[in-house]
file final_34.csv (CSV, C-alpha atoms)
chain,number,residue,atom,x,y,z
A,27,MET,CA,-54.7,-61.3,-21.3
A,28,GLY,CA,-51.0,-60.8,-20.4
A,29,VAL,CA,-48.5,-58.8,-18.5
A,30,LEU,CA,-47.6,-55.3,-19.5
A,31,LEU,CA,-44.5,-53.4,-18.3
A,32,GLN,CA,-44.2,-49.7,-19.1
A,33,ILE,CA,-41.1,-47.6,-18.6
A,34,ASN,CA,-40.8,-43.8,-18.2
A,35,PRO,CA,-38.8,-41.5,-15.9
A,36,VAL,CA,-41.8,-39.8,-14.4
A,37,LEU,CA,-45.1,-41.3,-13.1
A,38,ARG,CA,-46.8,-38.1,-11.8
A,39,PRO,CA,-50.1,-37.4,-13.6
A,40,ASN,CA,-49.4,-33.7,-13.8
A,41,THR,CA,-46.7,-34.6,-16.4
A,42,SER,CA,-47.9,-35.5,-19.9
A,43,THR,CA,-45.9,-38.7,-20.2
A,44,GLY,CA,-46.6,-39.8,-16.6
A,45,ARG,CA,-50.3,-39.3,-17.1
A,46,ILE,CA,-50.2,-41.2,-20.4
A,47,MET,CA,-48.4,-44.1,-18.9
A,48,GLN,CA,-50.8,-44.3,-15.9
A,49,GLU,CA,-53.9,-44.1,-18.2
A,50,ILE,CA,-52.6,-46.7,-20.6
A,51,GLY,CA,-52.0,-48.9,-17.6
A,52,GLU,CA,-55.6,-48.4,-16.4
A,53,THR,CA,-56.9,-49.2,-19.8
A,54,ALA,CA,-54.9,-52.4,-19.9
A,55,ILE,CA,-56.1,-53.4,-16.5
A,56,ALA,CA,-59.7,-52.9,-17.6
A,57,ALA,CA,-59.0,-55.2,-20.5
A,58,GLY,CA,-57.7,-57.9,-18.2
A,59,TRP,CA,-53.9,-57.2,-18.4
A,60,THR,CA,-51.6,-57.1,-15.4
A,61,SER,CA,-49.9,-53.7,-15.5
A,62,TYR,CA,-46.5,-52.7,-14.2
A,63,VAL,CA,-45.1,-49.2,-14.5
A,64,ALA,CA,-41.3,-48.5,-14.0
A,65,TYR,CA,-40.2,-45.0,-13.2
A,66,SER,CA,-37.4,-43.0,-11.5
A,67,ARG,CA,-37.6,-43.3,-7.7
A,68,GLY,CA,-35.2,-40.4,-7.4
A,69,ARG,CA,-37.6,-38.1,-9.2
A,70,ASP,CA,-41.0,-39.3,-8.1
A,71,GLY,CA,-40.4,-41.2,-4.8
A,72,VAL,CA,-42.6,-44.2,-4.0
A,73,SER,CA,-45.9,-42.8,-2.5
A,74,LEU,CA,-47.7,-41.7,-5.7
A,75,PRO,CA,-51.1,-43.2,-6.2
A,76,CYS,CA,-51.3,-45.5,-9.1
A,77,ARG,CA,-53.6,-48.5,-10.1
A,78,SER,CA,-50.7,-50.3,-11.8
A,79,ILE,CA,-48.0,-52.1,-9.9
A,80,LYS,CA,-45.2,-49.6,-9.3
A,81,VAL,CA,-41.6,-50.4,-10.0
A,82,PRO,CA,-39.4,-47.6,-8.7
A,83,VAL,CA,-35.9,-47.6,-10.3
A,84,GLY,CA,-32.7,-46.2,-8.9
A,85,SER,CA,-32.5,-43.6,-6.1
A,86,ARG,CA,-32.1,-39.9,-5.6
A,87,LEU,CA,-28.3,-40.4,-5.5
A,88,SER,CA,-28.2,-42.2,-8.8
A,89,VAL,CA,-30.2,-39.3,-10.4
A,90,VAL,CA,-27.8,-36.8,-9.0
A,91,LEU,CA,-24.7,-38.7,-10.2
A,92,HIS,CA,-26.3,-39.2,-13.6
A,93,GLY,CA,-27.0,-35.5,-13.8
A,94,LEU,CA,-23.4,-34.7,-13.0
A,95,LEU,CA,-22.2,-37.1,-15.7
A,96,THR,CA,-24.4,-35.2,-18.1
A,97,ARG,CA,-23.2,-31.8,-17.1
A,98,LEU,CA,-19.5,-32.6,-16.9
A,99,PHE,CA,-19.0,-35.1,-19.7
A,100,ASP,CA,-22.1,-34.8,-22.0
A,101,MET,CA,-23.0,-38.5,-21.2
A,102,HIS,CA,-26.8,-38.2,-20.8
A,103,GLY,CA,-28.3,-41.7,-20.7
A,104,GLU,CA,-25.0,-43.4,-20.0
A,105,GLY,CA,-25.1,-43.3,-16.2
A,106,SER,CA,-27.2,-45.3,-13.7
A,107,ARG,CA,-25.4,-48.6,-14.4
A,108,LEU,CA,-26.2,-50.2,-11.1
A,109,ALA,CA,-29.8,-49.0,-11.2
A,110,THR,CA,-30.2,-50.4,-14.7
A,111,MET,CA,-28.6,-53.7,-13.7
A,112,ARG,CA,-31.0,-54.1,-10.9
A,113,PHE,CA,-33.9,-53.1,-13.1
A,114,ILE,CA,-33.0,-55.7,-15.7
A,115,ARG,CA,-33.2,-58.4,-12.9
A,116,THR,CA,-36.7,-57.0,-12.1
A,117,ILE,CA,-37.8,-57.3,-15.7
A,118,ARG,CA,-36.7,-61.0,-15.7
A,119,ARG,CA,-38.8,-61.6,-12.6
A,120,ILE,CA,-41.9,-59.8,-14.0
A,121,ASP,CA,-41.5,-61.7,-17.3
A,122,PRO,CA,-43.8,-59.3,-19.2
A,123,ASP,CA,-45.5,-60.3,-22.4
A,124,VAL,CA,-45.0,-56.7,-23.8
A,125,ILE,CA,-42.5,-54.0,-22.8
A,126,HIS,CA,-43.7,-50.5,-23.6
A,127,ILE,CA,-41.1,-47.8,-23.3
A,128,HIS,CA,-42.0,-44.1,-23.3
A,129,ASN,CA,-38.6,-42.5,-22.4
A,130,VAL,CA,-35.3,-43.9,-21.1
A,131,HIS,CA,-33.7,-40.5,-20.8
A,132,GLY,CA,-34.2,-38.5,-17.7
A,133,TYR,CA,-31.2,-39.4,-15.5
A,134,PHE,CA,-32.5,-42.9,-14.5
A,135,LEU,CA,-31.4,-45.6,-16.9
A,136,ASN,CA,-28.4,-46.6,-19.0
A,137,TYR,CA,-29.9,-47.0,-22.5
A,138,SER,CA,-27.0,-49.1,-23.8
A,139,MET,CA,-27.3,-51.7,-21.1
A,140,LEU,CA,-31.1,-51.8,-21.4
A,141,LEU,CA,-31.0,-52.1,-25.2
A,142,ARG,CA,-28.4,-54.8,-25.0
A,143,TYR,CA,-30.8,-56.8,-22.7
A,144,LEU,CA,-33.9,-56.1,-24.9
A,145,SER,CA,-32.0,-57.2,-28.0
A,146,ARG,CA,-31.4,-60.6,-26.5
A,147,CYS,CA,-34.5,-61.3,-24.3
A,148,GLY,CA,-36.9,-62.0,-27.2
A,149,LYS,CA,-39.7,-59.8,-25.7
A,150,PRO,CA,-41.8,-57.6,-28.1
A,151,VAL,CA,-41.1,-53.9,-27.5
A,152,VAL,CA,-43.4,-50.9,-28.1
A,153,TRP,CA,-41.5,-47.6,-28.0
A,154,THR,CA,-43.6,-44.4,-28.0
A,155,VAL,CA,-41.4,-41.6,-29.3
A,156,HIS,CA,-42.4,-38.4,-27.6
A,157,ASP,CA,-39.4,-36.3,-28.8
A,158,CYS,CA,-36.3,-36.4,-31.0
A,159,TRP,CA,-33.6,-37.5,-28.4
A,160,MET,CA,-33.7,-41.1,-29.5
A,161,TYR,CA,-32.0,-40.3,-32.8
A,162,THR,CA,-29.9,-37.3,-32.1
A,163,GLY,CA,-26.5,-37.0,-30.5
A,164,HIS,CA,-27.7,-34.6,-27.8
A,165,CYS,CA,-30.9,-32.6,-28.2
A,166,TYR,CA,-34.6,-33.2,-27.7
A,167,TYR,CA,-35.5,-31.0,-30.6
A,168,TYR,CA,-33.6,-29.3,-33.3
A,169,THR,CA,-36.1,-27.3,-35.4
A,170,ALA,CA,-35.6,-24.0,-33.5
A,171,VAL,CA,-31.9,-23.9,-34.6
A,172,GLY,CA,-32.5,-25.5,-38.0
A,173,CYS,CA,-30.1,-28.3,-37.5
A,174,ASP,CA,-30.1,-31.4,-39.7
A,175,ARG,CA,-26.8,-33.1,-38.7
A,176,TRP,CA,-28.8,-35.9,-37.2
A,177,GLN,CA,-29.5,-37.1,-40.8
A,178,THR,CA,-25.8,-38.0,-41.2
A,179,VAL,CA,-23.7,-37.8,-38.0
A,180,CYS,CA,-24.2,-35.3,-35.2
A,181,HIS,CA,-21.2,-33.1,-34.3
A,182,ASP,CA,-20.5,-29.6,-32.8
A,183,CYS,CA,-23.9,-29.6,-31.3
A,184,PRO,CA,-25.5,-26.1,-31.5
A,185,GLN,CA,-27.7,-27.0,-28.5
A,186,ARG,CA,-25.0,-28.4,-26.2
A,187,LYS,CA,-26.0,-26.0,-23.4
A,188,ALA,CA,-29.7,-26.7,-23.9
A,189,PHE,CA,-31.4,-29.5,-21.9
A,190,PRO,CA,-29.8,-32.0,-21.2
A,191,ARG,CA,-27.1,-29.4,-20.7
A,192,SER,CA,-23.4,-30.1,-20.9
A,193,TRP,CA,-21.2,-27.4,-19.4
A,194,PHE,CA,-17.9,-28.2,-21.0
A,195,LEU,CA,-17.8,-31.1,-23.5
A,196,ASP,CA,-19.5,-31.9,-26.8
A,197,ARG,CA,-19.8,-35.7,-27.2
A,198,SER,CA,-22.6,-35.4,-29.7
A,199,SER,CA,-20.7,-37.4,-32.4
A,200,SER,CA,-19.8,-40.4,-30.2
A,201,ALA,CA,-23.3,-40.3,-28.5
A,202,PHE,CA,-24.9,-40.3,-32.0
A,203,ARG,CA,-22.9,-43.4,-33.0
A,204,SER,CA,-23.6,-45.1,-29.7
A,205,LYS,CA,-27.4,-44.5,-30.1
A,206,ALA,CA,-27.4,-45.7,-33.6
A,207,LYS,CA,-25.8,-49.0,-32.5
A,208,ALA,CA,-28.1,-49.4,-29.5
A,209,PHE,CA,-31.4,-48.4,-30.9
A,210,THR,CA,-31.1,-50.5,-34.0
A,211,SER,CA,-30.0,-53.6,-32.1
A,212,ILE,CA,-33.5,-55.0,-31.5
A,213,SER,CA,-34.7,-57.1,-34.4
A,214,ARG,CA,-37.3,-55.5,-36.6
A,215,GLY,CA,-39.8,-58.2,-35.8
A,216,LEU,CA,-39.7,-57.4,-32.1
A,217,LEU,CA,-39.6,-53.6,-32.1
A,218,THR,CA,-42.5,-51.2,-33.0
A,219,LEU,CA,-41.8,-47.5,-32.9
A,220,VAL,CA,-44.8,-45.3,-32.2
A,221,PRO,CA,-44.3,-41.7,-33.1
A,222,VAL,CA,-47.1,-39.5,-31.7
A,223,SER,CA,-47.3,-37.3,-34.9
A,224,GLN,CA,-46.9,-37.8,-38.6
A,225,TRP,CA,-44.3,-35.1,-38.6
A,226,LEU,CA,-42.1,-37.1,-36.2
A,227,ARG,CA,-42.7,-40.3,-38.3
A,228,ASP,CA,-41.4,-38.5,-41.4
A,229,GLU,CA,-38.4,-37.1,-39.5
A,230,MET,CA,-37.5,-40.6,-38.2
A,231,GLY,CA,-37.7,-41.8,-41.8
A,232,ARG,CA,-34.6,-39.7,-42.5
A,233,SER,CA,-32.7,-41.0,-39.4
A,234,PHE,CA,-30.8,-44.2,-38.7
A,235,LEU,CA,-34.2,-45.6,-37.6
A,236,LYS,CA,-35.7,-45.5,-41.1
A,237,ASP,CA,-35.8,-49.3,-41.5
A,238,CYS,CA,-37.7,-49.9,-38.3
A,239,ARG,CA,-41.4,-50.8,-38.1
A,240,PHE,CA,-43.6,-47.7,-37.4
A,241,GLN,CA,-47.2,-47.1,-36.3
A,242,VAL,CA,-48.4,-43.6,-35.6
A,243,ILE,CA,-50.6,-43.3,-32.5
A,244,ARG,CA,-51.4,-39.7,-31.6
A,245,ASN,CA,-51.9,-38.6,-28.0
A,246,GLY,CA,-55.4,-38.4,-26.6
A,247,ILE,CA,-56.9,-36.4,-23.8
A,248,ASP,CA,-59.8,-36.7,-21.3
A,249,THR,CA,-62.6,-35.0,-23.3
A,250,GLU,CA,-64.9,-35.3,-20.3
A,251,VAL,CA,-62.6,-33.0,-18.3
A,252,PHE,CA,-61.5,-30.8,-21.1
A,253,LYS,CA,-65.0,-29.6,-22.2
A,254,PRO,CA,-66.7,-26.2,-22.5
A,255,VAL,CA,-67.2,-24.7,-19.0
A,256,GLN,CA,-69.8,-22.0,-18.4
A,257,ASP,CA,-69.7,-19.3,-15.7
A,258,SER,CA,-66.4,-20.5,-14.2
A,259,GLY,CA,-65.6,-17.2,-12.4
A,260,VAL,CA,-62.0,-17.0,-13.9
A,261,ARG,CA,-62.7,-13.6,-15.4
A,262,GLU,CA,-63.5,-12.2,-11.9
A,263,ALA,CA,-60.6,-14.1,-10.3
A,264,TYR,CA,-58.0,-12.5,-12.6
A,265,ASN,CA,-59.7,-9.2,-13.1
A,266,ILE,CA,-60.1,-9.7,-16.8
A,267,GLY,CA,-63.6,-8.2,-17.2
A,268,GLY,CA,-65.1,-8.4,-20.7
A,269,ARG,CA,-61.8,-8.3,-22.6
A,270,ASN,CA,-61.0,-11.0,-25.2
A,271,ILE,CA,-58.6,-13.6,-23.6
A,272,ILE,CA,-55.7,-14.6,-25.7
A,273,LEU,CA,-54.5,-17.7,-23.9
A,274,GLY,CA,-51.1,-19.5,-23.8
A,275,VAL,CA,-50.2,-22.6,-21.7
A,276,ALA,CA,-46.9,-24.3,-21.1
A,277,SER,CA,-45.5,-26.5,-18.4
A,278,ILE,CA,-42.2,-24.6,-18.7
A,279,TRP,CA,-42.0,-21.4,-20.7
A,280,SER,CA,-39.0,-20.6,-22.8
A,281,ARG,CA,-38.0,-18.8,-25.9
A,282,GLU,CA,-38.5,-22.0,-27.8
A,283,LYS,CA,-42.1,-22.2,-26.4
A,284,GLY,CA,-42.7,-18.7,-27.8
A,285,LEU,CA,-42.5,-16.6,-24.7
A,286,ASP,CA,-40.6,-13.8,-26.6
A,287,ASP,CA,-43.3,-13.9,-29.3
A,288,PHE,CA,-46.0,-13.3,-26.7
A,289,VAL,CA,-44.1,-10.2,-25.5
A,290,LYS,CA,-44.0,-8.9,-29.1
A,291,LEU,CA,-47.7,-9.7,-29.5
A,292,ASP,CA,-48.6,-7.9,-26.3
A,293,SER,CA,-47.1,-4.7,-27.7
A,294,MET,CA,-49.5,-4.9,-30.7
A,295,LEU,CA,-52.8,-5.4,-28.8
A,296,ASP,CA,-55.6,-3.1,-27.9
A,297,HIS,CA,-55.4,-3.6,-24.2
A,298,ASP,CA,-58.8,-2.1,-23.6
A,299,LYS,CA,-60.3,-5.0,-25.5
A,300,GLU,CA,-57.7,-7.8,-25.4
A,301,VAL,CA,-55.5,-9.4,-22.8
A,302,ILE,CA,-52.9,-12.1,-22.9
A,303,VAL,CA,-53.2,-14.8,-20.2
A,304,LEU,CA,-50.2,-17.1,-19.7
A,305,VAL,CA,-50.4,-20.3,-17.6
A,306,GLY,CA,-47.2,-21.9,-16.3
A,307,VAL,CA,-45.1,-18.7,-15.7
A,308,ASP,CA,-42.6,-18.8,-12.9
A,309,ASP,CA,-41.8,-15.9,-10.5
A,310,SER,CA,-38.6,-14.8,-12.3
A,311,GLN,CA,-40.4,-14.8,-15.7
A,312,ARG,CA,-43.4,-12.9,-14.2
A,313,ALA,CA,-41.0,-10.1,-13.1
A,314,GLN,CA,-39.7,-9.6,-16.6
A,315,LEU,CA,-42.9,-9.8,-18.5
A,316,PRO,CA,-45.0,-6.7,-19.4
A,317,ALA,CA,-47.5,-5.7,-16.7
A,318,ASP,CA,-50.4,-6.1,-19.2
A,319,ILE,CA,-49.9,-9.9,-19.3
A,320,VAL,CA,-51.9,-11.9,-16.8
A,321,CYS,CA,-49.5,-14.5,-15.4
A,322,ILE,CA,-50.6,-17.7,-13.7
A,323,ARG,CA,-48.3,-20.3,-12.2
A,324,ARG,CA,-48.3,-23.8,-13.4
A,325,THR,CA,-51.5,-25.5,-12.1
A,326,SER,CA,-52.3,-29.1,-11.4
A,327,ASP,CA,-56.0,-28.2,-11.3
A,328,ILE,CA,-57.1,-29.3,-14.7
A,329,ARG,CA,-60.7,-28.1,-14.1
A,330,GLN,CA,-59.4,-24.6,-13.7
A,331,LEU,CA,-57.4,-25.1,-16.8
A,332,ALA,CA,-60.5,-26.2,-18.7
A,333,ALA,CA,-62.3,-23.1,-17.5
A,334,LEU,CA,-59.5,-20.9,-18.8
A,335,TYR,CA,-59.5,-22.6,-22.2
A,336,SER,CA,-63.3,-22.2,-22.3
A,337,GLU,CA,-63.2,-18.5,-21.5
A,338,ALA,CA,-60.5,-17.7,-24.1
A,339,ALA,CA,-61.4,-16.2,-27.5
A,340,VAL,CA,-58.4,-18.0,-29.0
A,341,PHE,CA,-55.6,-20.3,-27.8
A,342,VAL,CA,-52.2,-19.2,-29.2
A,343,ASN,CA,-49.3,-21.7,-29.4
A,344,PRO,CA,-46.2,-19.9,-30.9
A,345,THR,CA,-43.9,-22.9,-30.3
A,346,TRP,CA,-40.7,-23.1,-32.2
A,347,GLN,CA,-40.1,-26.8,-31.6
A,348,ASP,CA,-42.6,-29.4,-30.6
A,349,ASN,CA,-44.0,-32.8,-31.5
A,350,TYR,CA,-47.8,-33.1,-30.9
A,351,PRO,CA,-48.6,-30.6,-28.1
A,352,THR,CA,-51.6,-31.7,-26.1
A,353,VAL,CA,-52.4,-28.1,-25.2
A,354,ASN,CA,-53.8,-27.7,-28.7
A,355,LEU,CA,-56.1,-30.7,-28.1
A,356,GLU,CA,-57.2,-29.4,-24.8
A,357,ALA,CA,-58.1,-26.0,-26.1
A,358,ILE,CA,-60.1,-27.4,-29.1
A,359,SER,CA,-61.9,-29.8,-26.9
A,360,CYS,CA,-63.0,-26.9,-24.7
A,361,GLY,CA,-64.4,-25.3,-27.9
A,362,THR,CA,-61.6,-22.8,-28.4
A,363,PRO,CA,-59.8,-22.4,-31.7
A,364,VAL,CA,-56.0,-22.5,-32.0
A,365,VAL,CA,-53.5,-20.3,-33.8
A,366,THR,CA,-50.1,-22.0,-34.0
A,367,TYR,CA,-46.9,-21.9,-35.9
A,368,ARG,CA,-46.1,-24.4,-38.6
A,369,THR,CA,-43.8,-26.3,-36.2
A,370,GLY,CA,-43.4,-30.0,-35.9
A,371,GLY,CA,-46.7,-31.8,-35.4
A,372,SER,CA,-48.4,-28.8,-33.9
A,373,PRO,CA,-50.5,-28.1,-37.0
A,374,GLU,CA,-51.8,-31.7,-37.1
A,375,ALA,CA,-54.5,-31.0,-34.5
A,376,VAL,CA,-55.9,-28.1,-36.5
A,377,ILE,CA,-58.3,-28.1,-39.4
A,378,ASP,CA,-60.2,-25.3,-41.1
A,379,GLY,CA,-62.6,-23.8,-38.6
A,380,THR,CA,-60.8,-25.1,-35.5
A,381,GLY,CA,-57.7,-22.9,-35.9
A,382,LEU,CA,-55.1,-21.4,-38.2
A,383,VAL,CA,-51.5,-22.3,-38.9
A,384,VAL,CA,-49.0,-19.5,-39.7
A,385,GLU,CA,-45.3,-19.4,-40.5
A,386,ARG,CA,-43.0,-19.7,-37.6
A,387,GLY,CA,-41.9,-16.3,-36.2
A,388,ASP,CA,-44.6,-14.3,-38.0
A,389,VAL,CA,-46.1,-12.4,-35.1
A,390,ASP,CA,-48.1,-10.2,-37.5
A,391,ALA,CA,-49.8,-13.4,-38.9
A,392,LEU,CA,-50.5,-14.5,-35.3
A,393,LEU,CA,-52.3,-11.3,-34.6
A,394,ALA,CA,-54.3,-11.6,-37.8
A,395,GLY,CA,-55.3,-15.1,-36.8
A,396,ILE,CA,-56.3,-13.9,-33.4
A,397,ARG,CA,-58.4,-11.1,-34.8
A,398,HIS,CA,-60.1,-13.5,-37.3
A,399,PHE,CA,-61.3,-15.7,-34.4
A,400,GLU,CA,-62.2,-12.7,-32.2
A,401,GLN,CA,-64.6,-11.7,-35.0
A,402,ALA,CA,-65.7,-15.2,-35.9
A,403,SER,CA,-66.0,-16.6,-32.4
A,404,GLY,CA,-69.4,-17.9,-31.5
A,405,GLU,CA,-71.4,-21.0,-31.0
A,406,LYS,CA,-70.7,-22.4,-34.4
A,407,THR,CA,-67.0,-22.3,-33.9
A,408,ARG,CA,-67.2,-23.8,-30.5
A,409,GLU,CA,-69.5,-26.6,-31.8
A,410,LEU,CA,-67.1,-27.4,-34.6
A,411,CYS,CA,-64.1,-27.5,-32.3
A,412,ARG,CA,-65.9,-29.7,-29.8
A,413,GLY,CA,-67.2,-32.1,-32.4
A,414,PHE,CA,-63.7,-32.4,-34.0
A,415,ALA,CA,-62.2,-33.2,-30.5
A,416,LEU,CA,-64.7,-35.9,-29.8
A,417,ALA,CA,-64.1,-37.5,-33.1
A,418,ASN,CA,-60.3,-37.4,-32.9
A,419,PHE,CA,-58.9,-36.7,-29.4
A,420,ARG,CA,-60.6,-39.1,-27.0
A,421,LYS,CA,-58.0,-40.9,-24.9
A,422,GLN,CA,-60.1,-44.1,-24.9
A,423,ASP,CA,-59.8,-44.3,-28.7
A,424,ARG,CA,-56.0,-43.7,-28.7
A,425,TYR,CA,-55.3,-46.1,-25.8
A,426,GLY,CA,-57.5,-48.7,-27.6
A,427,GLU,CA,-55.0,-48.5,-30.5
A,428,TYR,CA,-52.2,-49.5,-28.0
A,429,LEU,CA,-54.2,-52.4,-26.7
A,430,LYS,CA,-54.8,-53.7,-30.2
A,431,LEU,CA,-51.1,-53.3,-30.9
A,432,TYR,CA,-50.2,-55.2,-27.7
A,433,GLU,CA,-52.5,-58.1,-28.7
A,434,ASP,CA,-51.1,-58.2,-32.2
A,435,ILE,CA,-47.4,-58.4,-31.1
A,436,ALA,CA,-47.9,-60.6,-28.0
A,437,VAL,CA,-49.0,-63.5,-30.1
A,438,ARG,CA,-46.4,-63.3,-32.9
call {"tool": "encode", "arguments": {"input": "final_34.csv", "output": "structure tokens"}}
result
Amino acid sequence: MGVLLQINPVLRPNTSTGRIMQEIGETAIAAGWTSYVAYSRGRDGVSLPCRSIKVPVGSRLSVVLHGLLTRLFDMHGEGSRLATMRFIRTIRRIDPDVIHIHNVHGYFLNYSMLLRYLSRCGKPVVWTVHDCWMYTGHCYYYTAVGCDRWQTVCHDCPQRKAFPRSWFLDRSSSAFRSKAKAFTSISRGLLTLVPVSQWLRDEMGRSFLKDCRFQVIRNGIDTEVFKPVQDSGVREAYNIGGRNIILGVASIWSREKGLDDFVKLDSMLDHDKEVIVLVGVDDSQRAQLPADIVCIRRTSDIRQLAALYSEAAVFVNPTWQDNYPTVNLEAISCGTPVVTYRTGGSPEAVIDGTGLVVERGDVDALLAGIRHFEQASGEKTRELCRGFALANFRKQDRYGEYLKLYEDIAVR
């Protein structure tokens, strides 16, 4: 078929973008493609299992230096010059038919150097857009603070101290102009931007990328892993008993992910009948949360996670800023309805019967949604959720859309 090169800072399958990159590579290999995956050596090493041909980029030192450049001078994505120069030489050697980028931020590549090469090499580029960093002067998301400066020119960034944190300087204005120049340098005929939600597609239509070619391809999940699980033993393991489980899951909990909202929600519950279970809580957060909340550390055991989803009466996602969170898909695929805020692309996985969408910050409405599904939960709801997941969330279907896109652009 051809040669595919994917690029992302992480390869680990317990990260969403790392797993997606590996699984797309596996799908391409099954279709006859040769698959390469480029990632940060400094973050993931070289020993990770992977069916694609691994291309480690940079070193631990280059990641550290890039991190310092970010913290001290607000120059995220502008370090790693030597690593990027060497990687470009590797791209020339591989000579891919399609270059598929997931992320270039993450302390491992210099986006200006890479984009300068891509604008001249004549290779078709697919760019999956997982967050908003590509078209802002600093931040990954802006909805939590209600910022719209990215629609004109970023300046005086209200999230300078949010990831990727800058301790002293605010270069959001110059970074915005640099990104606008770099990310619009590839000809329209060679670049296809792939937002993973319609919300993000609409947002990008108001950015400096508005004239690019777009194709929305939503994320998929393994519906054969995330499926209803019976008699899992999780209730006994966490001493939950017969109480209704109100489940929340995040890889990293923060105020923006809704951790404070869960604390407010906990104060409103009937603890004899209901319990909040949060997955992904670290030790410092556990010490500060109410004792009534069951806290579970981040787990790489996805079968345990599927069991928790299956046992929950409702999955609650009070995120204040997000794109198309896969936790919603995973819960619905396990037969569990979702209550979420009207934030980003989070509502796009929810239809009537599989969940409810409430206004951001309205904890009373969250509770009303929870009580609705506690009363309406049953086999009918679980069957509706599972059927919707099989029709819309299967990773094989979503990755098939990428293969079709590769075939279309490789022969142009």
call {"tool": "residues_around", "arguments": {"input": "final_34.csv", "residues": "range 249-251 of chain A", "least_positions_apart": "4", "cutoff": "7 Å", "atoms": "only C-alpha atoms", "output": "list in words"}}
result
Arg329, Ser359, Leu416 and Arg420 of chain A
call {"tool": "residues_around", "arguments": {"input": "final_34.csv", "residues": "Lys430 in chain A", "least_positions_apart": "6", "cutoff": "12 Å", "atoms": "only C-alpha atoms", "output": "PyMOL selection string"}}
result
chain A and resi 27+53-54+57+152+241+243+423-424+436-437
call {"tool": "closest_residue", "arguments": {"input": "final_34.csv", "among": "A:Glu282, A:Glu300, A:Asp174, A:Glu337", "to": "Val260 in chain A", "atoms": "all atoms listed in the file"}}
result
A:Glu337
call {"tool": "residues_near_point", "arguments": {"input": "final_34.csv", "point": "(-50.5, -46.9, -28.8)", "cutoff": "8 Å", "atoms": "only C-alpha atoms", "output": "ChimeraX atom specification"}}
result
/A:154,220,242-244,424-429,431
call {"tool": "residues_around", "arguments": {"input": "final_34.csv", "residues": "Trp193 in chain A", "least_positions_apart": "2", "cutoff": "9 Å", "atoms": "only C-alpha atoms", "output": "ChimeraX atom specification"}}
result
/A:96-100,186-187,191,195-196
call {"tool": "residues_around", "arguments": {"input": "final_34.csv", "residues": "Gly404 in chain A", "least_positions_apart": "6", "cutoff": "10 Å", "atoms": "all atoms listed in the file", "output": "PyMOL selection string"}}
result
chain A and resi 339+361-362
call {"tool": "closest_residue", "arguments": {"input": "final_34.csv", "among": "A:Gly103, A:Pro254, A:Pro344, A:Gly395", "to": "Asp286 in chain A", "atoms": "all atoms listed in the file"}}
result
A:Pro344
call {"tool": "decode", "arguments": {"input": "final_34.csv", "residues": "range 114-142 of chain A", "atoms": "C-alpha atoms", "output": "mmCIF file, in the first residue's frame"}}
result
data_model
loop_
_atom_site.group_PDB
_atom_site.id
_atom_site.type_symbol
_atom_site.label_atom_id
_atom_site.label_comp_id
_atom_site.auth_asym_id
_atom_site.auth_seq_id
_atom_site.Cartn_x
_atom_site.Cartn_y
_atom_site.Cartn_z
ATOM 1 C CA ILE A 114 14.068 15.559 9.601
ATOM 2 C CA ARG A 115 17.005 13.564 8.263
ATOM 3 C CA THR A 116 15.190 10.409 9.424
ATOM 4 C CA ILE A 117 12.013 11.469 7.617
ATOM 5 C CA ARG A 118 14.011 11.849 4.401
ATOM 6 C CA ARG A 119 15.422 8.351 4.879
ATOM 7 C CA ILE A 120 12.009 6.781 5.579
ATOM 8 C CA ASP A 121 10.458 8.650 2.621
ATOM 9 C CA PRO A 122 6.856 8.176 3.817
ATOM 10 C CA ASP A 123 3.866 8.381 1.498
ATOM 11 C CA VAL A 124 1.778 9.967 4.282
ATOM 12 C CA ILE A 125 2.884 11.867 7.387
ATOM 13 C CA HIS A 126 0.280 11.770 10.168
ATOM 14 C CA ILE A 127 0.891 14.158 13.065
ATOM 15 C CA HIS A 128 -0.967 13.936 16.359
ATOM 16 C CA ASN A 129 0.993 16.409 18.481
ATOM 17 C CA VAL A 130 4.302 18.212 18.104
ATOM 18 C CA HIS A 131 4.102 19.936 21.493
ATOM 19 C CA GLY A 132 5.335 18.030 24.508
ATOM 20 C CA TYR A 133 8.995 19.150 24.798
ATOM 21 C CA PHE A 134 10.363 17.060 21.930
ATOM 22 C CA LEU A 135 10.173 18.913 18.599
ATOM 23 C CA ASN A 136 10.676 22.405 17.208
ATOM 24 C CA TYR A 137 7.446 23.078 15.337
ATOM 25 C CA SER A 138 8.844 25.933 13.198
ATOM 26 C CA MET A 139 11.679 23.782 11.859
ATOM 27 C CA LEU A 140 9.404 20.805 11.232
ATOM 28 C CA LEU A 141 6.739 22.900 9.493
ATOM 29 C CA ARG A 142 9.366 24.584 7.329
#
